[in-house]
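Single-structure report; data block below.
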Number of protein chains: 2
Amino acid sequence: MNEQELHGLVDAVLGRLFVEIEASGRHVHVTKEQALRLFGHPLTPKRPLSQPGQFLSNERVTILGPKGEFQNVAVLGPERKEGQVEISLTDARTLGIDAPVRMSGNVSNTPGAILSGSHGQVALPQGVIAARRHIHLPPEDAVRFGVKDKQVVRLRAFTERPVVFEDVVVRVSPDFAPAVHLDYDEANACGFRKGDLGRIMP
Amino acid sequence: MNEQELHGLVDAVLGRLFVEIEASGRHVHVTKEQALRLFGHPLTPKRPLSQPGQFLSNERVTILGPKGEFQNVAVLGPERKEGQVEISLTDARTLGIDAPVRMSGNVSNTPGAILSGSHGQVALPQGVIAARRHIHLPPEDAVRFGVKDKQVVRLRAFTERPVVFEDVVVRVSPDFAPAVHLDYDEANACGFRKGDLGRIMP
């Protein structure tokens, strides 16, 4: 086996097992109507995110809770059907909002918050969650990994403070790029640094 | 086997495997001299902590970093030979201090911070760390668990968001009560609630 073949073999093996980890900071999703009320105009893209079609907007909001606030919080686009605030449980404590751990989009019976933008304010009646950790996979990678949409797996983080995260939800869609999404509590708990990889455990 | 015997068996099995988890919030240790400068008097005990002889003091400090500060931070007693600030990596980001993950007491070549108390300020030249996760065990429990002082083990947290923490250091001393100590990043990453248990993994 020459060096090129060896690299190919290593890539094949690693490709079957590893997914790059990304740490999601606190952020907000808004509806078109909420964007108009907060900013006076629709969201404007600043730069694309790892998931195709998703972008970081130029717009920023303040999240206000009973015990504290976070200023200058990222708003991700495009606009959605329902507003949502994704924070860590550490953030939840700071805000004084008892955010449950939920999959993105599953916001029934969750607490709300006040959002304040450059143009106005929005009282979000619900939608404040700590995002449940998950893995985005396109269908071809899901097949290679031997996992299915909504499957719950364990993921070992190859990081400074290694951790095996259990209860990680796999999400499969042709719209996805492969990525593990952790919040900052999880990222810090494993000592994550950009570029670190996770392995789906058998 | 009657009910009492069953309970005894369960306790025996659980006792061999499980240790109660505790989440350590940000806190500070100071020397006697630093206590005098910060408060004008030695630390005064407010209530005992789980580890014998250790106490939460009535005294509180502000930790000041280049990017932020934390007010009303707990000071633990008794006084130590060297000052130390234990924060989460989330806190480190807020303060703007690049705290390394270290065992408590191992503070050489770590960053410092300013502490401000009711009586005065102290410039801590070093000692700001994120405490490496660890398990306190008295010698008899260490024998039962089959682990030794300084051994590195894995620990499964039986929590809402279950996690296997790797790289957990066992510390054994007759002065210790059994307890797993996590910081708030780690506690939140596993959805810890008071009373949750961890199991040392074989």
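Within each chain, counting starts at residue 1; across the structure tokens, chains are named A, B, ... in the order shown, with ligands numbered 1 upward in that order.
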
Contact residues around A:Ser118 with only C-alpha atoms at 8 Å, ignoring same-chain residues under 6 positions, as a list in words: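 Contacts, with the query itself left out: Leu38, Phe39, Arg60 and Val61 of chain A.
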
Set the cut-off to 7 Å and count only C-alpha atoms: what are the residues of chain B that reach chain A? Output as a list in words.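 Close to chain A, chain B has Leu89, Thr90, Arg161, Pro162, Val163, Val164, Phe165, Glu166, Asp167, Asp185, Glu186, Asn188 and Ala189 of chain B.
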
Once chain B sits on chain A after a least-squares Cα superposition, all atoms in order, what's the RMSD?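 Answer to one decimal place: 0.1 Å.
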
When you count only C-alpha atoms, which of these residues is closest to A:Ala130: A:Lys148, A:Lys67, A:His181, A:Lys81? A:His181

Exercise: stretch 15-28 of chain B partners within 7 Å, only C-alpha atoms, chain neighbours under 6 positions left out, as a PyMOL selection string: chain B and resi 73-76+84-88+144-145+178-184+187+195-200

Would you return as a ChimeraX atom specification the members of stretch 23-194 of chain B that DSSP assigns to strand (DSSP E) on this structure's backbone? /B:23-24,27-29,45-48,55-64,69-77,84-86,101-102,113-116,121-124,128-131,134-137,152-158,163-172,179-183

Expressed in Å to a single decimal, how great is the separation between atom CA of B:Asn72 and atom CA of B:Gln51? 22.3 Å

Can you measure atom CA of B:Gly96 to atom CA of B:His119 for me? One decimal in Å is fine. 25.0 Å
